[in-house]
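Text of model_12.txt, listed as compact mmCIF, C-alpha atoms:
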```txt
# COMPACT_ATOMS: atom_id res chain seq x y z
CA MET A 670 -19.82 -5.33 -6.23
CA LEU A 671 -20.02 -1.85 -4.73
CA LEU A 672 -18.00 0.96 -6.22
CA ILE A 673 -16.80 3.38 -3.54
CA HIS A 674 -15.49 6.84 -4.37
CA CYS A 675 -12.19 7.45 -2.57
CA PRO A 676 -11.77 11.19 -1.92
CA TYR A 677 -7.96 10.84 -1.97
CA CYS A 678 -7.68 8.72 -5.14
CA GLU A 679 -10.47 10.84 -6.65
CA GLU A 680 -12.13 7.93 -8.37
CA GLU A 681 -14.45 5.01 -7.78
CA ARG A 682 -12.82 1.76 -6.76
CA SER A 683 -14.09 -1.68 -5.98
CA GLU A 684 -15.23 -2.43 -2.43
CA LEU A 685 -12.56 -5.18 -2.37
CA GLU A 686 -9.93 -2.48 -1.81
CA PHE A 687 -11.74 -1.02 1.22
CA ARG A 688 -12.33 -1.91 4.83
CA ALA A 689 -15.05 -0.50 7.09
CA ALA A 690 -13.80 1.12 10.27
CA GLY A 691 -16.87 1.87 12.39
CA ASP A 692 -18.82 5.03 13.11
CA ALA A 693 -17.39 8.42 12.20
CA HIS A 694 -17.41 11.68 14.15
CA ILE A 695 -16.97 10.02 17.56
CA ALA A 696 -15.26 12.68 19.67
CA ARG A 697 -12.69 11.35 22.10
CA PRO A 698 -13.18 12.87 25.58
CA GLU A 699 -10.77 15.69 26.38
CA ASN A 700 -9.60 14.05 29.61
CA ILE A 701 -10.37 10.37 29.36
CA ALA A 702 -9.02 9.62 32.85
CA ALA A 703 -11.60 11.88 34.45
CA ILE A 704 -14.77 10.40 32.99
CA SER A 705 -16.93 7.86 34.77
CA ASP A 706 -17.31 4.23 33.72
CA GLU A 707 -20.76 4.98 32.33
CA GLU A 708 -19.45 7.86 30.25
CA PHE A 709 -16.61 5.67 28.99
CA GLU A 710 -19.07 2.94 28.04
CA GLU A 711 -21.15 5.50 26.18
CA TYR A 712 -18.13 6.83 24.31
CA PHE A 713 -16.33 3.54 23.66
CA PHE A 714 -18.96 0.84 23.19
CA LEU A 715 -22.42 2.25 22.50
CA ARG A 716 -23.40 3.01 18.93
CA ASP A 717 -26.76 3.96 17.51
CA ASN A 718 -27.09 1.43 14.66
CA PRO A 719 -29.66 3.59 12.84
CA LYS A 720 -31.88 2.47 10.01
CA GLY A 721 -31.13 4.82 7.14
CA LEU A 722 -28.45 7.49 7.17
CA ILE A 723 -25.21 6.63 8.93
CA PHE A 724 -21.79 8.34 8.95
CA GLU A 725 -18.96 5.84 8.89
CA ARG A 726 -15.19 5.70 8.67
CA TRP A 727 -13.78 3.67 5.81
CA ARG A 728 -10.22 2.88 4.91
CA HIS A 729 -8.85 2.45 1.40
CA ILE A 730 -6.49 -0.13 2.77
CA ALA A 731 -5.49 -1.79 -0.52
CA GLY A 732 -5.17 1.56 -2.27
CA CYS A 733 -3.94 4.86 -0.91
CA GLY A 734 -4.23 3.54 2.66
CA ARG A 735 -6.11 6.63 3.87
CA PHE A 736 -9.07 6.75 6.26
CA PHE A 737 -12.00 8.80 5.05
CA ASN A 738 -15.63 9.31 6.02
CA ALA A 739 -18.74 8.18 4.19
CA ALA A 740 -22.44 8.92 4.50
CA ARG A 741 -24.24 5.68 3.75
CA ASP A 742 -27.81 4.45 3.70
CA THR A 743 -28.08 1.25 5.73
CA VAL A 744 -31.33 0.25 4.02
CA SER A 745 -30.15 0.38 0.41
CA ASP A 746 -26.40 0.02 1.16
CA ARG A 747 -25.89 3.03 -1.08
CA PHE A 748 -22.97 5.41 -0.47
CA LEU A 749 -24.46 8.90 -0.52
CA LYS A 750 -21.22 10.84 -0.18
CA THR A 751 -17.59 10.26 0.78
CA TYR A 752 -15.34 13.01 2.10
CA LYS A 753 -11.86 13.39 3.54
CA ALA A 754 -11.14 12.75 7.19
CA GLY A 755 -11.32 15.94 9.23
CA GLU A 756 -13.97 17.55 7.05
CA PRO A 757 -17.29 18.37 8.76
CA LYS A 758 -20.40 16.23 8.41
CA PRO A 759 -22.04 17.17 5.12
CA SER A 760 -25.67 18.19 5.14
CA LEU A 761 -27.47 15.85 2.81
CA PRO A 762 -30.76 16.65 1.15
CA ILE A 763 -33.60 14.40 2.28
CA ALA A 764 -34.16 13.50 -1.37
CA ALA A 765 -30.90 11.56 -1.36
CA MET A 766 -32.43 9.18 1.13
CA THR A 767 -35.60 8.33 -0.75
CA ASP A 768 -34.71 5.11 -2.42
CA GLU A 769 -37.10 3.96 -5.08
CA THR A 770 -36.38 0.30 -4.51
CA VAL A 771 -36.26 -0.28 -0.78
CA VAL A 772 -36.05 -4.00 -0.26
CA GLU A 773 -37.55 -4.99 3.08
CA THR A 774 -36.38 -8.36 4.25
CA TYR A 775 -37.44 -9.74 7.60
CA GLU A 776 -38.94 -6.57 8.99
CA ALA A 777 -42.26 -6.91 7.20
CA THR A 778 -43.12 -10.00 9.22
CA GLU A 779 -41.17 -9.21 12.35
CA GLY A 780 -43.08 -9.72 15.59
CA ARG A 781 -45.99 -11.63 14.10
CA ALA A 782 -44.40 -15.08 14.47
CA GLU A 783 -46.42 -16.54 11.64
CA MET B 1175 37.01 -22.93 2.49
CA ALA B 1176 33.31 -23.28 1.94
CA ASP B 1177 31.70 -21.93 -1.18
CA LEU B 1178 30.13 -18.54 -0.90
CA ALA B 1179 26.38 -18.53 -0.39
CA THR B 1180 24.41 -18.10 -3.59
CA ARG B 1181 21.39 -15.86 -3.66
CA THR B 1182 18.10 -17.65 -4.29
CA LEU B 1183 15.47 -15.38 -5.77
CA PRO B 1184 11.86 -15.70 -4.61
CA LEU B 1185 10.67 -16.50 -8.12
CA GLY B 1186 13.86 -18.15 -9.36
CA GLY B 1187 13.09 -20.38 -12.31
CA PHE B 1188 9.50 -19.16 -12.67
CA HIS B 1189 8.21 -18.76 -16.18
CA GLY B 1190 4.73 -18.83 -17.53
CA GLY B 1191 2.25 -17.40 -19.93
CA SER B 1192 0.09 -18.34 -22.85
CA ALA B 1193 -0.34 -17.47 -26.51
CA THR B 1194 -1.20 -13.84 -25.69
CA VAL B 1195 0.85 -13.00 -22.61
CA ARG B 1196 4.31 -13.67 -21.22
CA LEU B 1197 5.13 -13.79 -17.50
CA THR B 1198 8.70 -13.18 -16.37
CA PRO B 1199 10.11 -12.59 -12.90
CA ALA B 1200 11.65 -9.12 -12.68
CA ALA B 1201 15.35 -8.78 -11.97
CA PRO B 1202 16.29 -7.84 -8.39
CA ALA B 1203 15.89 -4.10 -7.84
CA SER B 1204 16.39 -1.49 -5.14
CA ARG B 1205 13.11 -0.42 -3.59
CA LEU B 1206 12.18 2.24 -1.11
CA SER B 1207 8.99 2.85 0.80
CA LEU B 1208 9.06 6.63 1.10
CA ARG B 1209 6.74 8.82 3.15
CA ALA B 1210 6.95 12.58 3.47
CA LYS B 1211 4.86 15.69 3.98
CA PRO B 1212 4.33 18.04 1.01
CA ASP B 1213 7.03 20.50 2.15
CA ALA B 1214 9.73 17.81 1.81
CA VAL B 1215 8.75 16.69 -1.70
CA ALA B 1216 10.96 19.17 -3.55
CA ALA B 1217 14.14 18.27 -1.64
CA LEU B 1218 13.48 14.52 -1.94
CA SER B 1219 12.76 14.90 -5.66
CA ALA B 1220 16.08 16.66 -6.15
CA ALA B 1221 17.93 13.95 -4.20
CA LEU B 1222 16.32 11.19 -6.25
CA GLY B 1223 16.78 12.99 -9.57
CA LEU B 1224 13.12 12.80 -10.52
CA SER B 1225 10.02 14.70 -9.59
CA LEU B 1226 7.90 12.78 -7.07
CA PRO B 1227 4.35 12.64 -8.44
CA THR B 1228 1.62 14.26 -6.34
CA ARG B 1229 -1.43 13.18 -8.32
CA PRO B 1230 -3.32 9.89 -7.73
CA LYS B 1231 -2.11 6.94 -9.83
CA ALA B 1232 0.76 9.03 -11.29
CA SER B 1233 4.37 7.92 -11.63
CA ALA B 1234 7.65 9.51 -12.63
CA THR B 1235 10.55 7.84 -14.40
CA SER B 1236 14.15 8.85 -14.83
CA GLY B 1237 16.40 6.28 -16.49
CA THR B 1238 16.10 3.07 -14.48
CA ARG B 1239 14.41 4.77 -11.55
CA HIS B 1240 10.66 4.97 -11.02
CA ALA B 1241 8.63 6.74 -8.33
CA LEU B 1242 5.08 5.49 -7.94
CA TRP B 1243 2.38 7.47 -6.09
CA LEU B 1244 0.72 5.15 -3.58
CA GLY B 1245 -1.01 7.67 -1.32
CA PRO B 1246 -1.07 11.42 -0.58
CA ASP B 1247 2.21 11.15 1.36
CA GLU B 1248 3.53 7.78 0.23
CA TRP B 1249 5.62 6.58 -2.69
CA LEU B 1250 7.23 3.38 -3.84
CA VAL B 1251 10.61 4.12 -5.41
CA ILE B 1252 12.09 1.38 -7.58
CA ASP B 1253 15.55 1.44 -9.12
CA GLU B 1254 16.29 -1.42 -11.47
CA THR B 1255 20.00 -1.12 -10.73
CA ASN B 1256 21.56 -1.82 -7.38
CA THR B 1257 21.53 1.80 -6.20
CA ASP B 1258 21.60 2.79 -2.54
CA LEU B 1259 18.31 4.70 -2.53
CA LEU B 1260 18.33 5.01 1.25
CA GLY B 1261 21.62 6.89 1.09
CA LEU B 1262 20.27 9.19 -1.62
CA VAL B 1263 17.16 10.29 0.26
CA GLY B 1264 19.17 10.45 3.50
CA SER B 1265 21.27 13.20 1.96
CA ALA B 1266 18.19 15.24 1.00
CA GLY B 1267 18.12 17.13 4.30
CA ALA B 1268 14.32 17.03 4.51
CA LEU B 1269 12.12 15.34 7.09
CA HIS B 1270 10.88 12.01 5.75
CA SER B 1271 10.52 8.34 6.53
CA ALA B 1272 12.21 5.82 4.26
CA THR B 1273 12.42 2.05 4.56
CA ASP B 1274 14.47 -0.15 2.29
CA ILE B 1275 12.11 -2.84 0.99
CA SER B 1276 14.32 -4.17 -1.82
CA HIS B 1277 14.05 -7.70 -0.44
CA ARG B 1278 10.50 -7.46 0.86
CA ASN B 1279 9.04 -7.05 -2.61
CA THR B 1280 9.46 -8.97 -5.78
CA ALA B 1281 7.82 -8.41 -9.14
CA VAL B 1282 6.40 -10.26 -12.10
CA LEU B 1283 6.47 -8.63 -15.53
CA VAL B 1284 3.29 -9.25 -17.51
CA ASP B 1285 3.69 -8.52 -21.20
CA GLY B 1286 1.54 -9.09 -24.26
CA PRO B 1287 -1.88 -8.32 -25.76
CA GLY B 1288 -3.58 -10.38 -23.03
CA ALA B 1289 -1.81 -8.59 -20.17
CA SER B 1290 -4.76 -6.61 -18.82
CA ALA B 1291 -7.08 -9.62 -19.12
CA THR B 1292 -4.53 -11.67 -17.17
CA ILE B 1293 -4.36 -9.12 -14.36
CA ASN B 1294 -8.13 -8.62 -14.33
CA ALA B 1295 -8.41 -12.32 -13.47
CA GLY B 1296 -7.78 -11.21 -9.90
CA CYS B 1297 -7.80 -7.41 -9.88
CA PRO B 1298 -11.00 -5.31 -9.91
CA GLN B 1299 -9.47 -2.15 -11.43
CA ASP B 1300 -10.48 -0.79 -14.82
CA LEU B 1301 -7.31 -1.33 -16.87
CA SER B 1302 -8.50 0.34 -20.07
CA LEU B 1303 -5.98 2.83 -21.45
CA LYS B 1304 -8.44 5.65 -20.71
CA THR B 1305 -8.54 5.12 -16.93
CA PHE B 1306 -5.20 3.36 -16.47
CA PRO B 1307 -2.86 4.88 -19.07
CA VAL B 1308 0.80 4.03 -19.61
CA GLY B 1309 2.68 5.19 -16.52
CA ALA B 1310 -0.33 4.78 -14.21
CA CYS B 1311 0.23 2.91 -10.97
CA SER B 1312 -1.84 1.89 -8.00
CA ARG B 1313 -1.77 -0.25 -4.94
CA THR B 1314 -4.65 -2.68 -5.31
CA VAL B 1315 -5.65 -6.29 -4.73
CA PHE B 1316 -4.91 -9.36 -6.83
CA GLY B 1317 -6.98 -12.25 -5.58
CA LYS B 1318 -6.23 -12.30 -1.87
CA ALA B 1319 -2.88 -10.55 -2.13
CA GLU B 1320 -2.04 -6.86 -2.08
CA ILE B 1321 -0.04 -5.75 -5.10
CA VAL B 1322 1.29 -2.56 -6.62
CA LEU B 1323 0.37 -2.41 -10.27
CA TYR B 1324 2.43 -0.28 -12.66
CA ARG B 1325 1.68 0.04 -16.35
CA THR B 1326 4.98 0.26 -18.22
CA GLY B 1327 3.54 0.03 -21.73
CA GLU B 1328 0.23 -0.32 -23.54
CA THR B 1329 0.39 -4.08 -23.08
CA ALA B 1330 3.01 -4.32 -20.33
CA PHE B 1331 2.62 -4.25 -16.57
CA ARG B 1332 4.87 -4.67 -13.58
CA VAL B 1333 3.14 -6.48 -10.70
CA GLU B 1334 4.92 -5.82 -7.40
CA CYS B 1335 4.03 -8.08 -4.50
CA TRP B 1336 5.49 -9.11 -1.17
CA ARG B 1337 7.94 -11.98 -1.61
CA SER B 1338 5.95 -14.29 0.66
CA PHE B 1339 2.99 -13.82 -1.69
CA ALA B 1340 5.10 -14.41 -4.82
CA PRO B 1341 4.14 -18.09 -5.31
CA TYR B 1342 0.44 -17.20 -4.92
CA VAL B 1343 0.58 -14.16 -7.20
CA SER B 1344 2.63 -15.86 -9.90
CA GLY B 1345 0.38 -18.92 -9.76
CA LEU B 1346 -2.78 -16.85 -10.11
CA LEU B 1347 -1.17 -14.84 -12.92
CA ALA B 1348 -0.33 -18.09 -14.71
CA ALA B 1349 -3.97 -19.21 -14.36
CA GLY B 1350 -5.15 -15.80 -15.62
CA ALA B 1351 -2.74 -16.04 -18.55
CA GLN B 1352 -4.26 -19.38 -19.54
CA ASP B 1353 -7.74 -17.81 -19.52
CA ALA B 1354 -6.49 -14.77 -21.46
CA GLY B 1355 -5.02 -17.10 -24.09
CA HIS B 1356 -8.45 -18.13 -25.36
```
Mind turning the file's structure into structure tokens?
Amino acid sequence: MLLIHCPYCEEERSELEFRAAGDAHIARPENIAAISDEEFEEYFFLRDNPKGLIFERWRHIAGCGRFFNAARDTVSDRFLKTYKAGEPKPSLPIAAMTDETVVETYEATEGRAE
Amino acid sequence: MADLATRTLPLGGFHGGSATVRLTPAAPASRLSLRAKPDAVAALSAALGLSLPTRPKASATSGTRHALWLGPDEWLVIDETNTDLLGLVGSAGALHSATDISHRNTAVLVDGPGASATINAGCPQDLSLKTFPVGACSRTVFGKAEIVLYRTGETAFRVECWRSFAPYVSGLLAAGAQDAGH
């Protein structure tokens, strides 16, 4: 079970109390009626799905109920930092990303069809 | 003339427990879901006659009335008597949102040396006295149901849940109490 630090409750709680809520820091267009369909698609549907560092929104739904942001490593599933909604993206040292036990699953054999 | 309707409580007749813990349905109480910005807290506190807590997991008690911190701008106010809490906060003269949830919620009182083990059967929180002292409260999960947990004594908890979840919560508590009895 993951323990997630809620910046509003100021302590670590079980992942059972939380719900993921997609990518963070997605800026809504100033005038959404004026943008083209392609720009709307880009804003509304397209996400990067990076391997490694990702900034996400999470909600402490069965707790304080607040949305907050988290920097998470998609390889190790580790939460690197959580911070209140509205705060700027934190700059994380590269060292935080070097995980000593990276478990590769399918990617080692991907594409070889053995 | 027909007899007057009698009130049926959501957990009427429920009892349970084991050698180390006793489960009792709480008496009907007045409850308020209260939300307000920080600048209204002082006026609402004065109207309620207690000081609304502003720290995570904190609660305040005055007589039969309890205010539980649920979130940075959200409280659950419980009065064990039949007080009109809505009228009280309405007279505060401060901007807020209040909903009477007296009948939405019901509660089970969990009491005895096995109380925290019983609740931990379905709740992931650390209920040691160090991290969840007497007076601590939190909205959390119990199995698949959302509950508000309030520690009223070293071995006593109040488990608030929605009334439609009451059979599930009381049943899971009874199962947890059996496990805690060993």
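Within 6 Å of chain B, chain A contributes the residues Cys678, Ala731, Gly732 and Cys733 of chain A, using all atoms listed in the file.
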Query raised in the report: Excluding same-chain residues fewer than 2 positions from Ala1281 of chain B, what lies within 7 Å of it counting all atoms listed in the file, as a PyMOL selection string?
Result: chain B and resi 1199-1200+1279+1283+1332-1335
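Across the model, the gap from atom CA of Thr1228 of chain B to atom CA of Lys1211 of chain B is 10.9 Å.
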Query raised in the report: Which residues come within 8 Å of Leu749 of chain A, counting all atoms listed in the file, excluding same-chain residues fewer than 4 positions away, as a list of chain:residue names?
Result: A:Ala739, A:Ala740, A:Arg741, A:Asp742, A:Ala765
Report task. Please provide the set of residues having any atom within 8 Å of Tyr752 of chain A, restricted to only C-alpha atoms, with same-chain residues fewer than 4 positions apart removed, written as a ChimeraX atom specification. Result -> /A:675-676,737-739,756
Need the shell around segment 679-696 of chain A: protein/DNA/RNA residues with any atom at most 6 Å away, counting only C-alpha atoms. Skip same-chain ones fewer than 6 positions apart. Format as a tab-separated table (two decimals) with C-alpha atoms, in the frame of the given file?
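Listed below is the output, selection07.tsv:
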```tsv
chain	number	residue	atom	x	y	z
A	671	LEU	CA	-20.02	-1.85	-4.73
A	672	LEU	CA	-18.00	0.96	-6.22
A	673	ILE	CA	-16.80	3.38	-3.54
A	724	PHE	CA	-21.79	8.34	8.95
A	725	GLU	CA	-18.96	5.84	8.89
A	726	ARG	CA	-15.19	5.70	8.67
A	727	TRP	CA	-13.78	3.67	5.81
A	728	ARG	CA	-10.22	2.88	4.91
A	729	HIS	CA	-8.85	2.45	1.40
A	730	ILE	CA	-6.49	-0.13	2.77
A	731	ALA	CA	-5.49	-1.79	-0.52
```
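Atom CA of Leu1269 of chain B lies 6.3 Å from atom CA of Ala1214 of chain B.
Using only C-alpha atoms, the residues found no farther than 6 Å from Val1251 of chain B, other than those of its own chain fewer than 5 positions away, are Arg1205, Leu1206, His1240 and Ala1241 of chain B.
Nearest to Pro759 of chain A of all the residues A:Ile723, A:His674, A:Asp746, A:Arg735 is A:Ile723, counting only C-alpha atoms.
Here atom CA of Ala1310 of chain B is placed at a distance of 18.2 Å from atom CA of Gly1296 of chain B.
Minimum atom-to-atom distance to Pro1341 of chain B, evaluated using all atoms listed in the file, belongs to B:Val1282 out of B:Leu1224, B:Ala1201, B:Val1282, B:Leu1262.
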Some atoms are missing, so please complete segment 746-765 of chain A with N, CA and C atoms and return it as a PDB file, in the frame of the given file.
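File selection-v5.pdb, as written:
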```pdb
ATOM      1  N   ASP A 746     -27.841   0.213   1.248  1.00  0.00           N
ATOM      2  CA  ASP A 746     -26.400   0.020   1.160  1.00  0.00           C
ATOM      3  C   ASP A 746     -25.728   1.018   0.228  1.00  0.00           C
ATOM      4  N   ARG A 747     -26.449   2.082  -0.122  1.00  0.00           N
ATOM      5  CA  ARG A 747     -25.890   3.030  -1.080  1.00  0.00           C
ATOM      6  C   ARG A 747     -24.993   4.039  -0.365  1.00  0.00           C
ATOM      7  N   PHE A 748     -23.842   4.340  -0.977  1.00  0.00           N
ATOM      8  CA  PHE A 748     -22.970   5.410  -0.470  1.00  0.00           C
ATOM      9  C   PHE A 748     -23.507   6.727  -0.998  1.00  0.00           C
ATOM     10  N   LEU A 749     -23.891   7.627  -0.094  1.00  0.00           N
ATOM     11  CA  LEU A 749     -24.460   8.900  -0.520  1.00  0.00           C
ATOM     12  C   LEU A 749     -23.364   9.908  -0.799  1.00  0.00           C
ATOM     13  N   LYS A 750     -22.310   9.875  -0.004  1.00  0.00           N
ATOM     14  CA  LYS A 750     -21.220  10.840  -0.180  1.00  0.00           C
ATOM     15  C   LYS A 750     -20.002  10.327   0.573  1.00  0.00           C
ATOM     16  N   THR A 751     -18.817  10.524   0.022  1.00  0.00           N
ATOM     17  CA  THR A 751     -17.590  10.260   0.780  1.00  0.00           C
ATOM     18  C   THR A 751     -16.803  11.556   0.844  1.00  0.00           C
ATOM     19  N   TYR A 752     -16.089  11.760   1.930  1.00  0.00           N
ATOM     20  CA  TYR A 752     -15.340  13.010   2.100  1.00  0.00           C
ATOM     21  C   TYR A 752     -14.125  12.726   2.967  1.00  0.00           C
ATOM     22  N   LYS A 753     -13.135  13.612   2.868  1.00  0.00           N
ATOM     23  CA  LYS A 753     -11.860  13.390   3.540  1.00  0.00           C
ATOM     24  C   LYS A 753     -12.006  13.440   5.055  1.00  0.00           C
ATOM     25  N   ALA A 754     -11.159  12.720   5.736  1.00  0.00           N
ATOM     26  CA  ALA A 754     -11.140  12.750   7.190  1.00  0.00           C
ATOM     27  C   ALA A 754     -10.865  14.174   7.655  1.00  0.00           C
ATOM     28  N   GLY A 755     -11.538  14.601   8.718  1.00  0.00           N
ATOM     29  CA  GLY A 755     -11.320  15.940   9.230  1.00  0.00           C
ATOM     30  C   GLY A 755     -12.305  16.952   8.698  1.00  0.00           C
ATOM     31  N   GLU A 756     -12.968  16.624   7.577  1.00  0.00           N
ATOM     32  CA  GLU A 756     -13.970  17.550   7.050  1.00  0.00           C
ATOM     33  C   GLU A 756     -15.268  17.386   7.847  1.00  0.00           C
ATOM     34  N   PRO A 757     -16.067  18.471   7.952  1.00  0.00           N
ATOM     35  CA  PRO A 757     -17.290  18.370   8.760  1.00  0.00           C
ATOM     36  C   PRO A 757     -18.334  17.478   8.095  1.00  0.00           C
ATOM     37  N   LYS A 758     -19.278  17.020   8.918  1.00  0.00           N
ATOM     38  CA  LYS A 758     -20.400  16.230   8.410  1.00  0.00           C
ATOM     39  C   LYS A 758     -21.117  16.999   7.323  1.00  0.00           C
ATOM     40  N   PRO A 759     -21.306  16.434   6.155  1.00  0.00           N
ATOM     41  CA  PRO A 759     -22.040  17.170   5.120  1.00  0.00           C
ATOM     42  C   PRO A 759     -23.528  17.164   5.432  1.00  0.00           C
ATOM     43  N   SER A 760     -24.210  18.211   5.011  1.00  0.00           N
ATOM     44  CA  SER A 760     -25.670  18.190   5.140  1.00  0.00           C
ATOM     45  C   SER A 760     -26.224  17.605   3.849  1.00  0.00           C
ATOM     46  N   LEU A 761     -26.984  16.550   3.992  1.00  0.00           N
ATOM     47  CA  LEU A 761     -27.470  15.850   2.810  1.00  0.00           C
ATOM     48  C   LEU A 761     -28.939  16.168   2.617  1.00  0.00           C
ATOM     49  N   PRO A 762     -29.336  16.419   1.405  1.00  0.00           N
ATOM     50  CA  PRO A 762     -30.760  16.650   1.150  1.00  0.00           C
ATOM     51  C   PRO A 762     -31.557  15.378   1.446  1.00  0.00           C
ATOM     52  N   ILE A 763     -32.760  15.555   1.959  1.00  0.00           N
ATOM     53  CA  ILE A 763     -33.600  14.400   2.280  1.00  0.00           C
ATOM     54  C   ILE A 763     -33.851  13.556   1.027  1.00  0.00           C
ATOM     55  N   ALA A 764     -33.867  14.223  -0.126  1.00  0.00           N
ATOM     56  CA  ALA A 764     -34.160  13.500  -1.370  1.00  0.00           C
ATOM     57  C   ALA A 764     -33.158  12.387  -1.630  1.00  0.00           C
ATOM     58  N   ALA A 765     -31.921  12.582  -1.144  1.00  0.00           N
ATOM     59  CA  ALA A 765     -30.900  11.560  -1.360  1.00  0.00           C
ATOM     60  C   ALA A 765     -31.265  10.258  -0.675  1.00  0.00           C
TER      61      ALA A 765
END
```
